[in-house]
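Enquirer: My questions all concern the structure below.
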Amino acid sequence: MDSSIPPEPQNFAIPIQKPYRGRFAPSPSGALHFGSLVAATGSYLEARHQQGRWLVRMEDLDTARCSSLHSDDILFTLDALGFQWDGEVLKQSERKDIYREAFEALRLKGQLYPCACSRKEIADSTHFGGAEQIYPGTCRNGIKKGRSPRSHRIRVNDALIRFNDLLQGSVHQQLSHSVGDFVIQRADGFYAYQLTVVVDDAFQGITDVVRGSDLLDSTARQIYLQKQLHFVTPRYAHLPVVVNHQGEKLSKQTLAPALNKKNGALELFKALQFLGQNPPQSLMNAPVSTLWDWAIPHWERHKVPKQPALFIESTN
Ligand code: GLU
């Protein structure tokens, strides 16, 4: 992934799609933490500042990691923090048939193939592209005798995928060099995030994806899938992610503390500061509704720090 070169081609700019439809798509594998609040706040403000709609989708397909208790808790927290979403919350766990259709469409086009490799075998045989392992294509031309299929992968090509991230700038990635053929259906049978996110962004008519820059590296894969499935590519803006003292992204794995619901307004105030919005100190103890009344008209995307990751001293 490189965000520095080359000049943009003529047709590079993505036409403005109206009306604006943004979304927040948490995976309910734990409580909301400050990092997820930053993503929710950035996407909400970007949408509401443009009088757009803002949808919530629960990416709860992986039932081993996600639960309805966490989903409910996330929605409760969002509500307590004054977020107002449009329409029903879409639940990926209820949409397996839709993902199967997309999977079949790709399979019928001859784009998919079964793969017998385990994670360990891939790790042993792979070279690394950036932070990602590159799949070496072991099963591309068929599975070796005596092996059984585990997952399904999609063939990628040598095309350079470019997009203009509204925060991170011009980005390009050649999937064959930095990712390789990637997984569409996992060994545990679940459809992969890359497929479901693309199907649902299209289904929900999302025009703008605003999310953490930990997902910047997934975007080229998603654009590739959108092209294969004839979906429109939304605009993308990748916010800085919040990192802890060790430089690790706040997440359930890095034991990020849950948001303090009792003092949601302060958490929101800090999220606005993190996003470079400079709320007046007089709003420090204001209720969430007052904070939103200030933040929505005052939102300035260009003030969001451009770094992919930023440290914050304390989130409690
Ligand atoms: N469900 C993903 C996560 O919680 C976010 C997906 C997305 O915004 O594209 O990290």
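Starting from 1 in every chain, residues are counted up; chains themselves are A, B, ... following the order of the structure tokens, and ligands are numbered from 1 as listed.
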As a PyMOL selection string, which residues of range 79-155 of chain A does DSSP assign to strand (DSSP E)?
Expert: chain A and resi 90-91+112-115+127-129+132-134+151-154
Enquirer: List every residue of chain A that has an atom at most 10 Å from any atom of ligand 1, and for each one report the closest atom pair and its distance in Å to one decimal, counting only C-alpha atoms and all ligand atoms, with rows sorted by chain and then by increasing residue number, as CSV.
Expert:
```
residue,atom,partner,partner_atom_place_in_ligand_line,distance
A:Arg23,CA,ligand 1,8 (O),7.9
A:Phe24,CA,ligand 1,8 (O),6.2
A:Ala25,CA,ligand 1,8 (O),4.9
A:Pro26,CA,ligand 1,4 (O),3.9
A:Ser27,CA,ligand 1,4 (O),4.2
A:Pro28,CA,ligand 1,4 (O),7.5
A:Ser29,CA,ligand 1,4 (O),8.5
A:Gly30,CA,ligand 1,4 (O),10.0
A:Leu32,CA,ligand 1,4 (O),9.8
A:Ser36,CA,ligand 1,4 (O),7.6
A:Ala39,CA,ligand 1,8 (O),8.3
A:Ala40,CA,ligand 1,8 (O),9.4
A:Ser43,CA,ligand 1,8 (O),9.7
A:Arg57,CA,ligand 1,1 (N),8.4
A:Met58,CA,ligand 1,1 (N),7.4
A:Glu59,CA,ligand 1,1 (N),5.2
A:Asp60,CA,ligand 1,1 (N),8.1
A:Leu61,CA,ligand 1,1 (N),9.8
A:Tyr193,CA,ligand 1,1 (N),7.7
A:Gln194,CA,ligand 1,9 (O),8.4
A:Thr196,CA,ligand 1,9 (O),9.4
A:Val197,CA,ligand 1,9 (O),6.0
A:Val198,CA,ligand 1,9 (O),8.5
A:Asp200,CA,ligand 1,9 (O),9.8
A:Asp201,CA,ligand 1,9 (O),8.6
A:Val209,CA,ligand 1,8 (O),7.2
A:Val210,CA,ligand 1,8 (O),7.3
A:Arg211,CA,ligand 1,8 (O),5.2
A:Gly212,CA,ligand 1,8 (O),7.2
A:Ser213,CA,ligand 1,8 (O),9.6
A:Asp214,CA,ligand 1,10 (O),8.1
A:Leu215,CA,ligand 1,9 (O),6.8
A:Leu216,CA,ligand 1,9 (O),9.3
A:Ser218,CA,ligand 1,9 (O),8.5
A:Thr219,CA,ligand 1,9 (O),8.6
A:Gln222,CA,ligand 1,9 (O),9.3
A:His238,CA,ligand 1,8 (O),9.6
A:Ser251,CA,ligand 1,10 (O),9.0
```
Enquirer: For those residues, write N, CA, C and O atoms to a file as a compact mmCIF listing (two decimals), in the first residue's frame.
Expert:
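The resulting file, out_0.txt, is reproduced below:
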```
# COMPACT_ATOMS: atom_id res chain seq x y z
N ARG A 23 -22.32 5.33 7.11
CA ARG A 23 -22.67 4.20 7.99
C ARG A 23 -21.59 3.99 9.04
O ARG A 23 -20.44 4.40 8.89
N PHE A 24 -21.99 3.30 10.10
CA PHE A 24 -21.07 2.82 11.11
C PHE A 24 -21.33 1.32 11.22
O PHE A 24 -22.49 0.91 11.33
N ALA A 25 -20.27 0.53 11.16
CA ALA A 25 -20.46 -0.92 11.04
C ALA A 25 -19.62 -1.68 12.07
O ALA A 25 -18.66 -2.35 11.72
N PRO A 26 -19.98 -1.57 13.34
CA PRO A 26 -19.17 -2.25 14.36
C PRO A 26 -19.33 -3.77 14.33
O PRO A 26 -20.37 -4.28 13.91
N SER A 27 -18.30 -4.46 14.77
CA SER A 27 -18.41 -5.91 15.00
C SER A 27 -18.69 -6.09 16.49
O SER A 27 -17.84 -5.73 17.30
N PRO A 28 -19.85 -6.60 16.84
CA PRO A 28 -20.19 -6.66 18.27
C PRO A 28 -19.49 -7.80 19.01
O PRO A 28 -20.11 -8.75 19.47
N SER A 29 -18.16 -7.67 19.10
CA SER A 29 -17.39 -8.70 19.82
C SER A 29 -16.97 -8.16 21.18
O SER A 29 -16.22 -8.79 21.90
N GLY A 30 -17.44 -6.98 21.52
CA GLY A 30 -17.12 -6.39 22.81
C GLY A 30 -17.81 -5.04 22.90
O GLY A 30 -18.53 -4.64 21.97
N LEU A 32 -18.23 -0.90 23.09
CA LEU A 32 -17.60 0.22 22.38
C LEU A 32 -16.47 0.77 23.24
O LEU A 32 -16.63 0.91 24.45
N SER A 36 -13.53 2.98 18.80
CA SER A 36 -14.75 2.84 17.99
C SER A 36 -15.59 4.11 18.06
O SER A 36 -16.27 4.47 17.09
N ALA A 39 -14.39 6.45 15.39
CA ALA A 39 -14.89 6.08 14.05
C ALA A 39 -16.36 6.46 13.90
O ALA A 39 -16.78 7.02 12.87
N ALA A 40 -17.15 6.17 14.93
CA ALA A 40 -18.58 6.50 14.87
C ALA A 40 -18.76 8.02 14.76
O ALA A 40 -19.56 8.50 13.94
N SER A 43 -17.73 9.40 11.24
CA SER A 43 -18.67 9.08 10.15
C SER A 43 -20.00 9.81 10.38
O SER A 43 -20.63 10.27 9.42
N ARG A 57 -24.89 -0.73 11.05
CA ARG A 57 -24.93 -2.15 10.63
C ARG A 57 -24.11 -2.97 11.62
O ARG A 57 -22.98 -2.58 11.93
N MET A 58 -24.67 -4.03 12.09
CA MET A 58 -23.94 -4.91 13.00
C MET A 58 -23.23 -5.99 12.20
O MET A 58 -23.90 -6.82 11.56
N GLU A 59 -21.93 -6.00 12.24
CA GLU A 59 -21.16 -7.01 11.51
C GLU A 59 -20.94 -8.19 12.45
O GLU A 59 -19.86 -8.40 13.00
N ASP A 60 -22.05 -8.93 12.63
CA ASP A 60 -22.12 -9.95 13.67
C ASP A 60 -22.17 -11.36 13.11
O ASP A 60 -22.77 -12.26 13.71
N LEU A 61 -21.57 -11.53 11.93
CA LEU A 61 -21.65 -12.82 11.26
C LEU A 61 -20.91 -13.91 12.03
O LEU A 61 -21.37 -15.05 12.10
N TYR A 193 -15.17 -11.02 5.75
CA TYR A 193 -15.50 -9.60 5.91
C TYR A 193 -15.45 -8.85 4.57
O TYR A 193 -16.34 -8.05 4.27
N GLN A 194 -14.41 -9.10 3.76
CA GLN A 194 -14.25 -8.34 2.52
C GLN A 194 -15.48 -8.50 1.62
O GLN A 194 -15.88 -7.56 0.94
N THR A 196 -18.70 -9.51 2.67
CA THR A 196 -19.96 -9.05 3.28
C THR A 196 -20.02 -7.52 3.35
O THR A 196 -21.08 -6.93 3.14
N VAL A 197 -18.88 -6.89 3.58
CA VAL A 197 -18.90 -5.42 3.69
C VAL A 197 -19.26 -4.79 2.34
O VAL A 197 -20.00 -3.80 2.27
N VAL A 198 -18.76 -5.40 1.28
CA VAL A 198 -19.03 -4.86 -0.06
C VAL A 198 -20.49 -5.09 -0.45
O VAL A 198 -21.16 -4.19 -0.98
N ASP A 200 -23.00 -5.38 1.60
CA ASP A 200 -23.88 -4.55 2.42
C ASP A 200 -23.73 -3.06 2.14
O ASP A 200 -24.72 -2.33 2.19
N ASP A 201 -22.53 -2.60 1.85
CA ASP A 201 -22.40 -1.19 1.48
C ASP A 201 -23.22 -0.92 0.21
O ASP A 201 -23.89 0.12 0.11
N VAL A 209 -17.86 5.91 2.87
CA VAL A 209 -17.38 5.06 3.96
C VAL A 209 -16.34 5.86 4.74
O VAL A 209 -15.30 6.24 4.19
N VAL A 210 -16.66 6.14 5.99
CA VAL A 210 -15.71 6.85 6.87
C VAL A 210 -15.42 5.89 8.01
O VAL A 210 -16.35 5.49 8.74
N ARG A 211 -14.18 5.48 8.17
CA ARG A 211 -13.84 4.45 9.16
C ARG A 211 -12.37 4.58 9.53
O ARG A 211 -11.66 5.43 8.99
N GLY A 212 -11.90 3.71 10.40
CA GLY A 212 -10.52 3.80 10.88
C GLY A 212 -9.51 3.40 9.81
O GLY A 212 -9.80 2.57 8.94
N SER A 213 -8.33 3.98 9.90
CA SER A 213 -7.34 3.71 8.86
C SER A 213 -6.72 2.32 8.98
O SER A 213 -5.94 1.92 8.13
N ASP A 214 -7.08 1.57 10.02
CA ASP A 214 -6.66 0.16 10.04
C ASP A 214 -7.31 -0.59 8.88
O ASP A 214 -6.84 -1.67 8.50
N LEU A 215 -8.36 -0.02 8.29
CA LEU A 215 -9.04 -0.69 7.18
C LEU A 215 -8.63 -0.13 5.82
O LEU A 215 -9.13 -0.58 4.79
N LEU A 216 -7.69 0.80 5.84
CA LEU A 216 -7.23 1.38 4.57
C LEU A 216 -6.70 0.28 3.65
O LEU A 216 -6.96 0.26 2.45
N SER A 218 -7.61 -2.69 3.41
CA SER A 218 -8.66 -3.58 2.88
C SER A 218 -9.39 -2.94 1.70
O SER A 218 -10.11 -3.62 0.98
N THR A 219 -9.21 -1.64 1.54
CA THR A 219 -10.07 -0.91 0.60
C THR A 219 -9.85 -1.35 -0.85
O THR A 219 -10.82 -1.50 -1.60
N GLN A 222 -11.76 -4.35 -1.50
CA GLN A 222 -13.20 -4.08 -1.57
C GLN A 222 -13.56 -3.45 -2.92
O GLN A 222 -14.59 -3.79 -3.51
N HIS A 238 -10.43 7.61 5.57
CA HIS A 238 -9.92 6.78 6.67
C HIS A 238 -9.34 7.66 7.77
O HIS A 238 -8.35 8.37 7.58
N SER A 251 -8.38 -1.91 20.85
CA SER A 251 -9.32 -2.93 20.40
C SER A 251 -9.56 -3.88 21.57
O SER A 251 -8.91 -3.77 22.61
```
Enquirer: Counting only C-alpha atoms, what is within 8 Å of Leu275 in chain A, bar same-chain residues fewer than 3 positions away, as an mmCIF file with N, CA and C atoms, in the first residue's frame?
Expert:
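result.cif written:
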```cif
data_model
loop_
_atom_site.group_PDB
_atom_site.id
_atom_site.type_symbol
_atom_site.label_atom_id
_atom_site.label_comp_id
_atom_site.auth_asym_id
_atom_site.auth_seq_id
_atom_site.Cartn_x
_atom_site.Cartn_y
_atom_site.Cartn_z
ATOM 1 N N VAL A 38 -14.420 7.115 18.122
ATOM 2 C CA VAL A 38 -13.837 8.047 17.157
ATOM 3 C C VAL A 38 -14.352 7.734 15.745
ATOM 4 N N GLY A 42 -16.641 10.370 13.673
ATOM 5 C CA GLY A 42 -16.191 10.902 12.373
ATOM 6 C C GLY A 42 -17.201 10.621 11.276
ATOM 7 N N ALA A 271 -13.376 12.736 21.880
ATOM 8 C CA ALA A 271 -13.361 12.223 20.494
ATOM 9 C C ALA A 271 -13.306 13.397 19.512
ATOM 10 N N LEU A 272 -14.032 14.458 19.821
ATOM 11 C CA LEU A 272 -14.004 15.651 18.953
ATOM 12 C C LEU A 272 -12.606 16.248 18.939
ATOM 13 N N LYS A 303 -9.622 19.445 9.202
ATOM 14 C CA LYS A 303 -8.885 19.560 10.471
ATOM 15 C C LYS A 303 -8.538 18.199 11.082
ATOM 16 N N VAL A 304 -9.091 17.137 10.531
ATOM 17 C CA VAL A 304 -8.794 15.803 11.074
ATOM 18 C C VAL A 304 -7.325 15.498 10.780
ATOM 19 N N PRO A 305 -6.564 15.081 11.786
ATOM 20 C CA PRO A 305 -5.145 14.782 11.534
ATOM 21 C C PRO A 305 -5.011 13.728 10.438
#
```
Enquirer: Leaving out Pro308 in chain A and any residue of its chain fewer than 2 positions from it, which residues lie within 7 Å of it when counting only C-alpha atoms, given as a list of chain:residue names?
Expert: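 Near neighbours after the sequence-gap exclusion: A:Ser213, A:Leu239, A:Pro240, A:Val241, A:Lys306.
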Enquirer: Keeping N, CA and C atoms, export the residues of the selection given above as a PDB file, in the first residue's frame.
Expert:
```pdb
ATOM      1  N   SER A 213      -8.330   3.976   9.902  1.00  0.00           N
ATOM      2  CA  SER A 213      -7.335   3.714   8.857  1.00  0.00           C
ATOM      3  C   SER A 213      -6.718   2.325   8.980  1.00  0.00           C
ATOM      4  N   LEU A 239     -10.012   7.577   8.914  1.00  0.00           N
ATOM      5  CA  LEU A 239      -9.660   8.400  10.076  1.00  0.00           C
ATOM      6  C   LEU A 239      -8.431   7.822  10.771  1.00  0.00           C
ATOM      7  N   PRO A 240      -7.709   8.667  11.505  1.00  0.00           N
ATOM      8  CA  PRO A 240      -6.616   8.094  12.305  1.00  0.00           C
ATOM      9  C   PRO A 240      -7.187   7.134  13.340  1.00  0.00           C
ATOM     10  N   VAL A 241      -6.473   6.051  13.597  1.00  0.00           N
ATOM     11  CA  VAL A 241      -6.925   5.153  14.666  1.00  0.00           C
ATOM     12  C   VAL A 241      -6.242   5.561  15.966  1.00  0.00           C
ATOM     13  N   LYS A 306      -4.010  13.922   9.593  1.00  0.00           N
ATOM     14  CA  LYS A 306      -3.868  13.014   8.441  1.00  0.00           C
ATOM     15  C   LYS A 306      -3.108  11.729   8.789  1.00  0.00           C
TER      16      LYS A 306
END
```
